[in-house]
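Visitor: Data file data-v3.txt (compact mmCIF, C-alpha atoms and all ligand atoms) is appended below.
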# COMPACT_ATOMS: atom_id res chain seq x y z
CA MET C 1 0.00 0.00 0.00
CA ILE C 2 1.24 3.46 -0.76
CA VAL C 3 0.38 7.06 -0.02
CA LYS C 4 0.27 8.88 -3.36
CA SER C 5 -0.36 12.41 -2.21
CA ILE C 6 -0.92 14.58 0.85
CA LYS C 7 -2.89 17.82 1.07
CA LEU C 8 -2.93 19.84 4.27
CA LYS C 9 -4.81 22.98 5.15
CA ASN C 10 -4.14 24.83 8.41
CA PHE C 11 -2.77 21.66 10.00
CA ARG C 12 -0.18 22.49 12.70
CA ASN C 13 2.41 24.83 11.10
CA PHE C 14 1.24 24.07 7.53
CA GLU C 15 -0.99 26.73 6.03
CA GLU C 16 -1.27 24.91 2.72
CA LEU C 17 0.62 21.85 1.52
CA ASN C 18 0.06 19.77 -1.59
CA ILE C 19 2.66 17.11 -2.42
CA GLU C 20 2.97 13.89 -4.36
CA LEU C 21 5.10 11.17 -2.85
CA ASN C 22 7.48 8.69 -4.43
CA SER C 23 6.15 5.14 -4.24
CA ILE C 24 9.30 3.95 -2.47
CA LEU C 25 11.50 6.40 -0.61
CA ASN C 26 10.69 9.91 0.55
CA ILE C 27 13.10 11.97 2.63
CA PHE C 28 12.14 15.21 4.36
CA ILE C 29 15.10 17.33 5.37
CA GLY C 30 14.79 20.42 7.53
CA ASP C 31 16.09 22.17 10.61
CA ASN C 32 14.43 21.71 13.98
CA GLY C 33 10.88 22.99 14.27
CA GLN C 34 10.10 23.21 10.54
CA GLY C 35 7.19 20.71 10.36
CA LYS C 36 8.76 17.29 9.64
CA THR C 37 7.07 15.49 12.55
CA ASN C 38 3.84 17.40 11.91
CA LEU C 39 3.73 15.98 8.41
CA LEU C 40 4.13 12.40 9.69
CA GLU C 41 1.48 13.14 12.30
CA SER C 42 -1.01 14.00 9.54
CA ILE C 43 -0.43 10.62 7.86
CA TYR C 44 -0.64 8.78 11.17
CA LEU C 45 -3.92 10.53 11.95
CA CYS C 46 -5.38 9.23 8.68
CA SER C 47 -4.29 5.71 9.58
CA ILE C 48 -5.03 5.31 13.28
CA GLY C 49 -7.53 8.15 13.77
CA LYS C 50 -5.49 9.52 16.67
CA THR C 51 -2.35 11.58 17.03
CA PHE C 52 0.78 9.99 18.47
CA LYS C 53 1.40 13.13 20.52
CA LEU C 54 -0.41 14.02 23.72
CA ASN C 55 -2.42 16.81 22.14
CA THR C 56 -6.08 17.56 21.84
CA GLU C 57 -7.72 17.98 18.44
CA ASN C 58 -7.85 21.78 18.84
CA ASP C 59 -4.04 21.82 19.10
CA LEU C 60 -3.81 20.43 15.56
CA ILE C 61 -5.37 23.56 14.07
CA LYS C 62 -2.82 26.12 12.91
CA PHE C 63 -2.48 28.88 15.50
CA GLY C 64 -4.95 31.68 14.81
CA GLN C 65 -7.16 29.57 12.52
CA ASN C 66 -10.50 27.88 13.14
CA SER C 67 -10.28 24.54 11.33
CA PHE C 68 -7.94 22.08 9.63
CA GLU C 69 -8.24 19.61 6.79
CA ILE C 70 -6.14 16.65 5.66
CA GLU C 71 -6.62 14.77 2.42
CA ILE C 72 -4.55 11.72 1.60
CA VAL C 73 -4.80 9.59 -1.51
CA ILE C 74 -3.78 5.98 -1.01
CA ASN C 75 -3.45 3.11 -3.42
CA LYS C 76 -4.00 -0.50 -2.41
CA GLU C 77 -2.78 -3.48 -4.39
CA ASN C 78 -2.11 -1.31 -7.40
CA LYS C 79 -5.82 -1.40 -8.13
CA TYR C 80 -7.77 1.57 -7.00
CA ASP C 81 -7.20 4.90 -5.28
CA LYS C 82 -8.93 5.81 -2.06
CA ILE C 83 -9.26 9.32 -0.73
CA ILE C 84 -9.16 9.73 3.03
CA ASN C 85 -10.37 13.13 4.20
CA ILE C 86 -10.35 14.41 7.77
CA SER C 87 -11.74 17.81 8.60
CA TYR C 88 -12.19 19.44 11.94
CA ILE C 89 -13.67 22.74 13.06
CA LYS C 90 -12.66 24.04 16.49
CA ASN C 91 -14.67 22.47 19.34
CA GLN C 92 -16.84 20.46 16.96
CA LYS C 93 -16.93 16.79 15.98
CA ARG C 94 -14.39 15.62 13.45
CA THR C 95 -15.63 14.52 10.03
CA VAL C 96 -13.94 11.56 8.36
CA LYS C 97 -14.73 10.65 4.77
CA ILE C 98 -13.57 7.81 2.54
CA ASN C 99 -14.07 8.62 -1.14
CA GLY C 100 -16.51 11.33 -0.11
CA VAL C 101 -18.63 9.05 2.09
CA LYS C 102 -18.82 10.06 5.73
CA LEU C 103 -17.91 7.43 8.36
CA GLU C 104 -20.29 7.03 11.31
CA LYS C 105 -17.43 6.84 13.78
CA SER C 106 -13.89 7.97 13.13
CA SER C 107 -12.66 4.73 14.76
CA GLU C 108 -13.92 2.95 11.62
CA LEU C 109 -10.93 4.50 9.89
CA ILE C 110 -8.59 1.85 11.29
CA GLY C 111 -7.71 -0.72 8.65
CA TYR C 112 -8.08 1.51 5.57
CA MET C 113 -4.48 2.53 5.64
CA ASN C 114 -1.82 0.65 7.54
CA ASN C 115 1.33 2.25 8.78
CA VAL C 116 4.20 1.51 11.07
CA ILE C 117 5.75 4.52 12.74
CA PHE C 118 9.08 4.79 14.51
CA THR C 119 9.76 8.01 16.41
CA PRO C 120 12.42 8.69 19.09
CA ASP C 121 9.57 8.36 21.58
CA ASP C 122 9.22 4.68 20.69
CA LEU C 123 12.28 3.90 22.77
CA LYS C 124 9.61 3.79 25.47
CA ILE C 125 8.86 0.29 24.19
CA ILE C 126 12.16 -0.70 25.77
CA LYS C 127 12.75 1.93 28.43
CA GLY C 128 9.23 2.82 29.51
CA SER C 129 6.72 1.30 31.89
CA PRO C 130 4.58 -1.80 31.13
CA ILE C 131 1.70 0.59 30.23
CA GLU C 132 3.74 1.82 27.24
CA ARG C 133 4.42 -1.71 26.06
CA ARG C 134 0.77 -2.73 26.40
CA LYS C 135 -0.22 0.40 24.46
CA PHE C 136 2.14 -0.49 21.63
CA VAL C 137 0.88 -4.10 21.43
CA ASN C 138 -2.73 -2.91 21.55
CA ILE C 139 -2.29 -0.48 18.65
CA ASP C 140 -0.44 -3.12 16.63
CA ILE C 141 -2.98 -5.88 17.05
CA SER C 142 -5.92 -3.49 16.52
CA GLN C 143 -4.51 -2.56 13.10
CA ILE C 144 -4.79 -6.13 11.87
CA LYS C 145 -7.52 -7.70 14.05
CA PRO C 146 -10.66 -5.54 14.19
CA LYS C 147 -12.19 -7.77 16.89
CA TYR C 148 -9.30 -7.05 19.25
CA LYS C 149 -10.18 -3.37 19.52
CA TYR C 150 -13.71 -4.28 20.46
CA LEU C 151 -12.47 -6.79 23.07
CA LEU C 152 -10.23 -4.14 24.64
CA LYS C 153 -13.08 -1.67 24.86
CA ASN C 154 -15.26 -4.28 26.58
CA TYR C 155 -12.46 -5.36 28.88
CA LYS C 156 -12.00 -1.77 30.10
CA LYS C 157 -15.69 -1.57 30.93
CA ILE C 158 -15.50 -4.91 32.73
CA ILE C 159 -12.59 -3.75 34.90
CA THR C 160 -14.52 -0.58 35.84
CA GLY C 161 -17.72 -2.53 36.56
CA ARG C 162 -15.92 -5.24 38.53
CA ASN C 163 -13.97 -2.67 40.58
CA ASN C 164 -17.26 -0.98 41.50
CA ILE C 165 -18.58 -4.31 42.79
CA LEU C 166 -15.35 -5.01 44.69
CA ARG C 167 -15.56 -1.56 46.25
CA ASP C 168 -18.96 -2.03 47.85
CA LEU C 169 -18.98 -5.73 48.48
CA ASN C 170 -20.81 -5.89 51.77
CA ASN C 171 -23.46 -8.57 51.49
CA SER C 172 -23.66 -12.09 50.16
CA SER C 173 -25.89 -11.22 47.20
CA ASN C 174 -23.04 -9.09 45.89
CA MET C 175 -20.85 -12.20 45.90
CA ASP C 176 -23.19 -13.65 43.25
CA VAL C 177 -22.91 -10.47 41.21
CA LEU C 178 -19.13 -10.58 41.58
CA SER C 179 -19.08 -14.14 40.26
CA ILE C 180 -20.88 -12.96 37.08
CA TRP C 181 -18.28 -10.21 36.63
CA ASN C 182 -15.56 -12.84 37.16
CA ASP C 183 -16.97 -14.78 34.21
CA TYR C 184 -16.91 -11.66 32.01
CA LEU C 185 -13.36 -10.87 33.08
CA ILE C 186 -12.13 -14.38 32.38
CA ASP C 187 -13.96 -14.74 29.04
CA ILE C 188 -12.88 -11.47 27.47
CA GLY C 189 -9.50 -11.40 29.24
CA SER C 190 -8.58 -14.86 27.92
CA GLU C 191 -9.38 -13.79 24.37
CA ILE C 192 -7.13 -10.75 24.71
CA ILE C 193 -4.35 -12.94 26.11
CA SER C 194 -4.69 -15.38 23.17
CA TYR C 195 -4.39 -12.56 20.63
CA ARG C 196 -1.37 -11.14 22.42
CA ASN C 197 0.26 -14.55 22.71
CA GLU C 198 -0.07 -15.23 19.00
CA TYR C 199 1.03 -11.73 17.99
CA LEU C 200 4.06 -11.68 20.28
CA LYS C 201 5.20 -15.13 19.10
CA ASN C 202 5.19 -13.79 15.55
CA LEU C 203 6.89 -10.58 16.58
CA LYS C 204 9.62 -12.50 18.37
CA HIS C 205 10.16 -14.73 15.34
CA TYR C 206 10.66 -11.89 12.86
CA ALA C 207 12.39 -9.44 15.22
CA SER C 208 15.06 -11.96 16.23
CA LEU C 209 15.86 -12.76 12.60
CA ILE C 210 16.01 -9.06 11.74
CA TYR C 211 18.08 -8.18 14.83
CA ALA C 212 20.59 -10.92 13.95
CA ASP C 213 21.04 -9.24 10.55
CA ILE C 214 21.23 -5.73 12.03
CA SER C 215 23.98 -6.81 14.43
CA ASP C 216 25.85 -8.95 11.91
CA ASN C 217 24.93 -12.05 13.92
CA LYS C 218 26.97 -10.78 16.85
CA GLU C 219 24.11 -10.23 19.29
CA SER C 220 21.12 -12.38 20.17
CA PHE C 221 17.67 -10.90 20.64
CA ASP C 222 14.77 -12.30 22.59
CA LEU C 223 11.27 -11.07 23.24
CA SER C 224 8.81 -12.73 25.57
CA TYR C 225 5.28 -12.19 26.72
CA LYS C 226 5.10 -11.84 30.49
CA CYS C 227 1.48 -12.77 30.93
CA ASP C 228 0.18 -11.72 34.33
CA ILE C 229 -1.82 -14.90 34.98
CA GLY C 230 1.15 -17.25 34.43
CA ASN C 231 3.03 -19.00 31.66
CA ILE C 232 0.57 -19.41 28.80
CA GLU C 233 3.03 -19.76 25.94
CA ASN C 234 1.85 -23.13 24.67
CA LEU C 235 -1.68 -23.15 26.07
CA SER C 236 -4.91 -23.30 24.08
CA LYS C 237 -7.65 -20.70 24.63
CA GLU C 238 -9.53 -23.13 26.90
CA GLU C 239 -6.41 -23.82 28.95
CA ILE C 240 -5.76 -20.07 29.28
CA LYS C 241 -9.30 -19.64 30.58
CA LYS C 242 -8.76 -22.41 33.13
CA LEU C 243 -5.52 -20.85 34.34
CA PHE C 244 -7.16 -17.42 34.58
CA ARG C 245 -10.02 -18.86 36.65
CA GLU C 246 -7.57 -20.61 39.00
CA LYS C 247 -5.68 -17.33 39.44
CA ILE C 248 -8.89 -15.44 40.30
CA ASP C 249 -10.23 -18.19 42.62
CA LYS C 250 -6.95 -18.39 44.50
CA ASN C 251 -6.62 -14.63 44.95
CA ILE C 252 -10.18 -13.41 45.31
CA GLU C 253 -9.72 -12.61 49.04
CA ASN C 254 -6.84 -10.34 48.15
CA GLU C 255 -8.87 -8.55 45.48
CA ILE C 256 -11.76 -8.08 47.92
CA PHE C 257 -9.34 -6.72 50.51
CA ARG C 258 -7.73 -4.33 48.00
CA LYS C 259 -11.10 -3.51 46.36
CA ASN C 260 -9.44 -3.73 42.96
CA SER C 261 -9.04 -6.10 39.97
CA LEU C 262 -5.45 -7.15 40.44
CA TYR C 263 -5.00 -9.90 37.85
CA GLY C 264 -5.43 -10.10 34.10
CA PRO C 265 -4.13 -8.73 30.81
CA HIS C 266 -4.29 -5.15 32.15
CA LYS C 267 -1.17 -6.13 34.13
CA ASP C 268 0.75 -7.80 31.28
CA ASP C 269 4.26 -6.90 30.19
CA ILE C 270 6.81 -7.75 27.49
CA ILE C 271 10.46 -8.47 28.19
CA VAL C 272 13.07 -7.70 25.55
CA LYS C 273 16.49 -9.26 26.06
CA ILE C 274 19.80 -8.99 24.30
CA ASN C 275 22.41 -11.69 24.85
CA ASN C 276 20.08 -12.98 27.57
CA LYS C 277 20.06 -9.75 29.59
CA ASP C 278 17.14 -7.37 30.04
CA PHE C 279 17.58 -4.68 27.38
CA LYS C 280 15.97 -2.03 29.55
CA TYR C 281 18.94 -2.05 31.92
CA PHE C 282 21.81 -3.31 29.78
CA GLY C 283 21.28 -2.09 26.19
CA SER C 284 23.31 0.86 24.86
CA GLN C 285 21.44 3.73 23.16
CA GLY C 286 22.26 2.41 19.68
CA GLN C 287 21.39 -1.16 20.64
CA GLN C 288 18.06 -0.09 22.12
CA ARG C 289 17.30 1.85 18.96
CA SER C 290 18.28 -1.18 16.87
CA ALA C 291 15.98 -3.39 18.96
CA VAL C 292 13.04 -1.04 18.42
CA LEU C 293 13.92 -0.95 14.73
CA ALA C 294 13.90 -4.76 14.60
CA ILE C 295 10.50 -4.74 16.33
CA LYS C 296 9.14 -2.16 13.88
CA LEU C 297 10.41 -4.06 10.82
CA ALA C 298 8.91 -7.23 12.31
CA GLU C 299 5.56 -5.40 12.60
CA ILE C 300 5.81 -4.65 8.90
CA GLU C 301 6.26 -8.35 8.06
CA ILE C 302 3.30 -9.32 10.26
CA ILE C 303 1.04 -6.73 8.60
CA LYS C 304 2.23 -7.91 5.18
CA ASN C 305 1.30 -11.52 6.09
CA GLU C 306 -2.03 -10.46 7.43
CA ILE C 307 -3.26 -8.03 4.75
CA GLY C 308 -1.11 -9.12 1.81
CA GLU C 309 0.60 -5.75 1.38
CA TYR C 310 3.36 -3.79 3.05
CA PRO C 311 2.21 -0.90 5.24
CA VAL C 312 3.74 2.57 4.89
CA LEU C 313 6.80 3.02 7.09
CA LEU C 314 7.27 6.36 8.86
CA LEU C 315 10.72 6.96 10.35
CA ASP C 316 10.92 10.17 12.34
CA ASP C 317 14.50 11.23 12.94
CA VAL C 318 15.65 7.81 14.08
CA LEU C 319 18.68 7.25 11.90
CA SER C 320 21.09 9.53 13.71
CA GLU C 321 22.04 7.09 16.46
CA LEU C 322 22.57 4.09 14.18
CA ASP C 323 26.09 3.39 12.93
CA ASN C 324 26.68 3.31 9.17
CA LYS C 325 26.39 -0.48 8.90
CA ARG C 326 22.99 -0.42 10.62
CA LYS C 327 21.83 2.52 8.50
CA SER C 328 22.72 0.78 5.25
CA PHE C 329 21.03 -2.42 6.47
CA LEU C 330 17.86 -0.39 7.00
CA ILE C 331 18.01 1.38 3.65
CA ASP C 332 18.50 -1.97 1.95
CA TYR C 333 15.64 -3.58 3.93
CA ILE C 334 13.08 -0.96 2.90
CA LYS C 335 13.78 -1.04 -0.83
CA ASN C 336 10.31 -2.47 -1.54
CA ILE C 337 8.41 -0.63 1.17
CA GLN C 338 7.13 2.91 0.85
CA THR C 339 9.03 4.82 3.52
CA ILE C 340 9.00 8.39 4.71
CA ILE C 341 12.14 9.43 6.53
CA THR C 342 12.68 12.72 8.30
CA SER C 343 16.08 14.08 9.23
CA THR C 344 17.77 17.35 10.09
CA ASP C 345 20.88 16.43 8.16
CA ASP C 346 21.21 14.76 4.79
CA SER C 347 24.99 14.53 4.51
CA ASP C 348 25.38 10.79 5.17
CA LEU C 349 21.83 9.92 4.04
CA LYS C 350 22.44 11.21 0.52
CA ASP C 351 25.33 8.79 0.04
CA LEU C 352 23.38 5.87 1.46
CA VAL C 353 20.40 6.31 -0.85
CA LYS C 354 22.36 7.17 -4.01
CA LYS C 355 20.96 4.22 -5.94
CA ASN C 356 17.42 4.23 -4.49
CA ASP C 357 14.32 5.38 -6.30
CA LYS C 358 13.48 8.45 -4.20
CA LYS C 359 12.24 11.98 -3.70
CA ILE C 360 13.99 14.38 -1.33
CA PHE C 361 11.98 17.30 0.04
CA ASN C 362 13.50 20.29 1.80
CA ILE C 363 11.13 21.70 4.34
CA CYS C 364 11.24 25.15 5.92
CA GLU C 365 8.61 26.86 8.13
CA GLY C 366 5.80 24.55 7.00
CA LYS C 367 6.60 24.88 3.30
CA ILE C 368 8.37 22.62 0.84
CA VAL C 369 11.11 24.81 -0.57
CA ASN C 370 12.84 22.34 -2.85
CA ILE C 371 12.27 18.84 -4.26
CA ILE C 372 15.05 16.65 -5.61
CA VAL C 373 13.99 13.62 -7.62
N1 LIG T 401 -1.22 24.15 16.00
C1 LIG T 401 -0.07 24.68 15.56
N2 LIG T 401 -0.06 25.80 14.79
C2 LIG T 401 1.08 26.34 14.33
N3 LIG T 401 2.29 25.82 14.59
C3 LIG T 401 2.35 24.71 15.36
C4 LIG T 401 1.18 24.08 15.87
N4 LIG T 401 1.55 23.00 16.60
C5 LIG T 401 2.89 22.96 16.54
N5 LIG T 401 3.37 23.97 15.80
C6 LIG T 401 4.76 24.29 15.47
O1 LIG T 401 5.21 23.42 14.48
C7 LIG T 401 6.64 23.52 14.49
C8 LIG T 401 7.23 22.28 13.87
O2 LIG T 401 7.04 21.15 14.63
P1 LIG T 401 7.64 19.72 14.21
O3 LIG T 401 7.57 18.91 15.44
O4 LIG T 401 6.98 19.20 13.02
O5 LIG T 401 9.16 20.10 13.85
P2 LIG T 401 10.28 19.17 13.24
O6 LIG T 401 10.62 19.68 11.89
O7 LIG T 401 9.91 17.76 13.37
O8 LIG T 401 11.50 19.52 14.22
P3 LIG T 401 12.59 18.59 14.95
O9 LIG T 401 13.69 18.41 13.98
O10 LIG T 401 13.01 19.44 16.09
O11 LIG T 401 11.93 17.33 15.38
C9 LIG T 401 7.04 23.88 15.91
O12 LIG T 401 7.75 25.07 15.88
C10 LIG T 401 5.70 24.11 16.63
O13 LIG T 401 5.70 25.24 17.44
MG MG T 402 10.50 16.25 14.64
Written as structure tokens, that's how I'd like the structure from this file.
Guide:
Amino acid sequence: MIVKSIKLKNFRNFEELNIELNSILNIFIGDNGQGKTNLLESIYLCSIGKTFKLNTENDLIKFGQNSFEIEIVINKENKYDKIINISYIKNQKRTVKINGVKLEKSSELIGYMNNVIFTPDDLKIIKGSPIERRKFVNIDISQIKPKYKYLLKNYKKIITGRNNILRDLNNSSNMDVLSIWNDYLIDIGSEIISYRNEYLKNLKHYASLIYADISDNKESFDLSYKCDIGNIENLSKEEIKKLFREKIDKNIENEIFRKNSLYGPHKDDIIVKINNKDFKYFGSQGQQRSAVLAIKLAEIEIIKNEIGEYPVLLLDDVLSELDNKRKSFLIDYIKNIQTIITSTDDSDLKDLVKKNDKKIFNICEGKIVNIIV
């Protein structure tokens, strides 16, 4: 899948932008604060329906203006173009259209356009808290399994509902109600665990192969799912359910005492290891970046297997900490994947991509000032 063109109007620091992309490699070069990340954010918004920054929708409107609009043309399987249009007027509901037809909910946008993004912030996958890792897995699986998103939404409601029951559990009839909520928790929770287990097995498979290549076979990479209810690696869905129920039955007194749902996929984590040591504590900056890169490239392979096409790869200023060998590995790896790279400096990039089919855009104060084909 490729993005053919991008039109922006009053989005962040872009007053008006209208560009056509190369079907393989696109490089945006500019000093700090010129709009490189903003441009990637507009593509991400069309794919996931949310921004990857912590902003509200009003913050996306160019200062002093009252609305913004994004229009992206994508092409799937070389067959037909689709136009994704997002418009937003200050303090009103966002409108999302596909080929001119309005979507009921903007969450329906997920799945039309797949992307994998890698920003410096993604080092949180290694360095951050378990919440960050669960967030990353949730976004990934939701992109390829529509049911997963729905399960997550239900699971959140179940945790809230169950916590309310645990909070005012003062008579025996409430114990019956609690047991119903336990069933919900175990049913939906086990499904989420199964999806995560399958996804993370795949991710581990591809990421370890890719990391071996990135490091010239000198370092070993491992990724494992630390499921809160126990070791579920080789269990079937039914066996996961059984284990979950045992965990709840054994610890229910504790949950009643703490008045909180303490066990389940909302407590899961992922452990990434290099040469058998936890990466979070022992990886160097460049190694941690390489590990995230391996994970991101693995995501691309999983999406390709699932939907039959490569997603668009967005790399926001992530090359600078990779050594030249790792950079050229990456450039070689993406030769069949539409990629958008941003960087402040093109001196070593230009040499690396000499032979690639590409477009280089120079960006200054929200405007494209020069295009080199
Ligand atoms: N709603 C907005 N309206 C106008 N300008 C905005 C808005 N939101 C952010 N900006 C500005 O956009 C500019 C560019 O931001 P962006 O993050 O895209 O820069 P960048 O080119 O990626 O820089 P860096 O190399 O430092 O990452 C910033 O100066 C910021 O103040
Ligand atoms: Mg930036």
Visitor: Given the choices C:Leu297, C:Leu349, C:Ile19, C:Leu103, which gets closest to Pro311 (chain C) if the distance is worked out from only C-alpha atoms?
Guide: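 Checking each candidate against Pro311 (chain C), we get C:Leu297 as the closest.
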Visitor: With all atoms listed in the file as the counted atoms, please give the residues lying no more than 12 Å from His205 (chain C), apart from itself and same-chain residues fewer than 2 positions off, as a ChimeraX atom specification.
Guide: /C:198-203,207-212,221-224,294-295,297-299,301-302
Visitor: Using only C-alpha atoms and all ligand atoms, which residue out of C:Asn10, C:Ser190, C:Gln92, C:Asn38 lies closest to ligand MG 402 (chain T)?
Guide: C:Asn38
Visitor: Once you count all atoms listed in the file, which residues end up within 12 Å of ligand MG 402 (chain T), and could you hand them over as a short mmCIF file (atom, residue, chain, number, x, y, z; two decimals) with C-alpha atoms, in the frame of the given file?
Guide:
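Printed below is pocket_27.cif as written:
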data_model
loop_
_atom_site.label_atom_id
_atom_site.label_comp_id
_atom_site.auth_asym_id
_atom_site.auth_seq_id
_atom_site.Cartn_x
_atom_site.Cartn_y
_atom_site.Cartn_z
CA PHE C 28 12.14 15.21 4.36
CA ILE C 29 15.10 17.33 5.37
CA GLY C 30 14.79 20.42 7.53
CA ASP C 31 16.09 22.17 10.61
CA ASN C 32 14.43 21.71 13.98
CA GLY C 33 10.88 22.99 14.27
CA GLN C 34 10.10 23.21 10.54
CA GLY C 35 7.19 20.71 10.36
CA LYS C 36 8.76 17.29 9.64
CA THR C 37 7.07 15.49 12.55
CA ASN C 38 3.84 17.40 11.91
CA LEU C 39 3.73 15.98 8.41
CA LEU C 40 4.13 12.40 9.69
CA GLU C 41 1.48 13.14 12.30
CA LYS C 53 1.40 13.13 20.52
CA PHE C 118 9.08 4.79 14.51
CA THR C 119 9.76 8.01 16.41
CA PRO C 120 12.42 8.69 19.09
CA ASP C 121 9.57 8.36 21.58
CA LEU C 314 7.27 6.36 8.86
CA LEU C 315 10.72 6.96 10.35
CA ASP C 316 10.92 10.17 12.34
CA ASP C 317 14.50 11.23 12.94
CA VAL C 318 15.65 7.81 14.08
CA ILE C 341 12.14 9.43 6.53
CA THR C 342 12.68 12.72 8.30
CA SER C 343 16.08 14.08 9.23
CA THR C 344 17.77 17.35 10.09
CA ILE C 363 11.13 21.70 4.34
#
Visitor: Using all atoms listed in the file, determine which residues lie at most 7 Å from Gln338 (chain C), disregarding the query and same-chain residues fewer than 2 positions distant; provide the list as a PyMOL selection string.
Guide: chain C and resi 2+23-25+312-313+336+340
Visitor: Would you export the selected residues with C-alpha atoms as a compact mmCIF listing (two decimals), in the frame of the given file, please?
Guide:
# COMPACT_ATOMS: atom_id res chain seq x y z
CA ILE C 2 1.24 3.46 -0.76
CA SER C 23 6.15 5.14 -4.24
CA ILE C 24 9.30 3.95 -2.47
CA LEU C 25 11.50 6.40 -0.61
CA VAL C 312 3.74 2.57 4.89
CA LEU C 313 6.80 3.02 7.09
CA ASN C 336 10.31 -2.47 -1.54
CA ILE C 340 9.00 8.39 4.71
Visitor: Taking all atoms listed in the file into account, name the residue in C:Lys242, C:Arg162, C:Lys367, C:Lys325 that is nearest to ligand LIG 401 (chain T).
Guide: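 Looking at the shortest contact to ligand LIG 401 (chain T), the residue is C:Lys367.
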Visitor: Would you list the residues near (20.3, 2.9, 13.6) (no more than 8 Å away, in the coordinates of the file, using only C-alpha atoms) as a PDB file with C-alpha atoms, keeping the file's coordinate frame?
Guide:
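Output contents, as saved in selection00.pdb:
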ATOM      1  CA  GLY C 286      22.260   2.410  19.680  1.00  0.00           C
ATOM      2  CA  ARG C 289      17.300   1.850  18.960  1.00  0.00           C
ATOM      3  CA  SER C 290      18.280  -1.180  16.870  1.00  0.00           C
ATOM      4  CA  LEU C 293      13.920  -0.950  14.730  1.00  0.00           C
ATOM      5  CA  VAL C 318      15.650   7.810  14.080  1.00  0.00           C
ATOM      6  CA  LEU C 319      18.680   7.250  11.900  1.00  0.00           C
ATOM      7  CA  SER C 320      21.090   9.530  13.710  1.00  0.00           C
ATOM      8  CA  GLU C 321      22.040   7.090  16.460  1.00  0.00           C
ATOM      9  CA  LEU C 322      22.570   4.090  14.180  1.00  0.00           C
ATOM     10  CA  ASP C 323      26.090   3.390  12.930  1.00  0.00           C
ATOM     11  CA  ASN C 324      26.680   3.310   9.170  1.00  0.00           C
ATOM     12  CA  ARG C 326      22.990  -0.420  10.620  1.00  0.00           C
ATOM     13  CA  LYS C 327      21.830   2.520   8.500  1.00  0.00           C
ATOM     14  CA  LEU C 330      17.860  -0.390   7.000  1.00  0.00           C
TER      15      LEU C 330
END
Visitor: What gap, in Å, lies between CA of Asn197 (chain C) and CA of Pro265 (chain C)?
Guide: 10.9 Å
Visitor: Using all atoms listed in the file, which of the listed residues (C:Asp332, C:Cys227, C:Ile186, C:Ile131) sits closest to Asp213 (chain C)?
Guide: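 Using all atoms listed in the file, the shortest distance to Asp213 (chain C) belongs to C:Asp332.
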Visitor: Please, what is the axis-aligned box for every listed atom of region 18-36 of chain C with 3 Å on each side, as centre and edge lengths in Å to one decimal, as AutoDock Vina command-line options?
Guide:
--center_x 8.1 --center_y 13.6 --center_z 4.9 --size_x 22.0 --size_y 25.3 --size_z 24.7
Visitor: Which residue, C:Asn22, C:Thr56, C:Arg133, C:Phe63, has the smallest gap to ligand LIG 401 (chain T) when you use all atoms listed in the file?
Guide: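 Smallest separation from ligand LIG 401 (chain T) among the options: C:Phe63.
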Visitor: Record the distance separating CA of Glu239 (chain C) and CA of Asp176 (chain C), expressed in Å with one decimal.
Guide: 24.3 Å
Visitor: Could you tell me how far CA of Ile83 (chain C) lies from CA of Val101 (chain C), in Å and to one decimal?
Guide: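 Rounded to one decimal, the two atoms are 9.8 Å apart.
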Visitor: Excluding Gly111 (chain C) and residues on its chain fewer than 3 positions from it, collect all residues at most 7 Å away from it, counting all atoms listed in the file, and give them as a ChimeraX atom specification.
Guide: /C:114,143-144
Visitor: From the list C:Asn58, C:Ser107, C:Asn163, C:Ser47, which residue is nearest ligand LIG 401 (chain T) when using all atoms listed in the file?
Guide: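 Answer, going by the shortest atom-to-atom distance: C:Asn58.
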Visitor: Which polymer residues have any atom within 12 Å of an atom of Leu60 (chain C), counting all atoms listed in the file, with same-chain residues fewer than 2 positions away left out, as a ChimeraX atom specification?
Guide: /C:8-15,38-39,41-42,45,50-58,62-70,86-91,94
Visitor: Give me, as a VMD selection string, all polymer residues having an atom no more than 12 Å from Lys156 (chain C), counting all atoms listed in the file and skipping those fewer than 6 positions away in the same chain.
Guide: chain C and resid 149 to 150 162 to 163 184 to 185 188 to 189 192 261 264 to 266
Visitor: Could you give me region 325-330 of chain C completed to N, CA and C atoms, formatted as an mmCIF file, keeping the file's coordinate frame?
Guide:
data_model
loop_
_atom_site.group_PDB
_atom_site.id
_atom_site.type_symbol
_atom_site.label_atom_id
_atom_site.label_comp_id
_atom_site.auth_asym_id
_atom_site.auth_seq_id
_atom_site.Cartn_x
_atom_site.Cartn_y
_atom_site.Cartn_z
ATOM 1 N N LYS C 325 26.779 0.873 9.298
ATOM 2 C CA LYS C 325 26.390 -0.480 8.900
ATOM 3 C C LYS C 325 24.889 -0.684 9.110
ATOM 4 N N ARG C 326 24.407 -0.234 10.276
ATOM 5 C CA ARG C 326 22.990 -0.420 10.620
ATOM 6 C C ARG C 326 22.109 0.442 9.710
ATOM 7 N N LYS C 327 22.596 1.653 9.419
ATOM 8 C CA LYS C 327 21.830 2.520 8.500
ATOM 9 C C LYS C 327 21.713 1.861 7.140
ATOM 10 N N SER C 328 22.824 1.326 6.613
ATOM 11 C CA SER C 328 22.720 0.780 5.250
ATOM 12 C C SER C 328 21.908 -0.513 5.248
ATOM 13 N N PHE C 329 21.919 -1.259 6.372
ATOM 14 C CA PHE C 329 21.030 -2.420 6.470
ATOM 15 C C PHE C 329 19.581 -1.971 6.307
ATOM 16 N N LEU C 330 19.242 -0.894 7.030
ATOM 17 C CA LEU C 330 17.860 -0.390 7.000
ATOM 18 C C LEU C 330 17.475 0.061 5.594
#
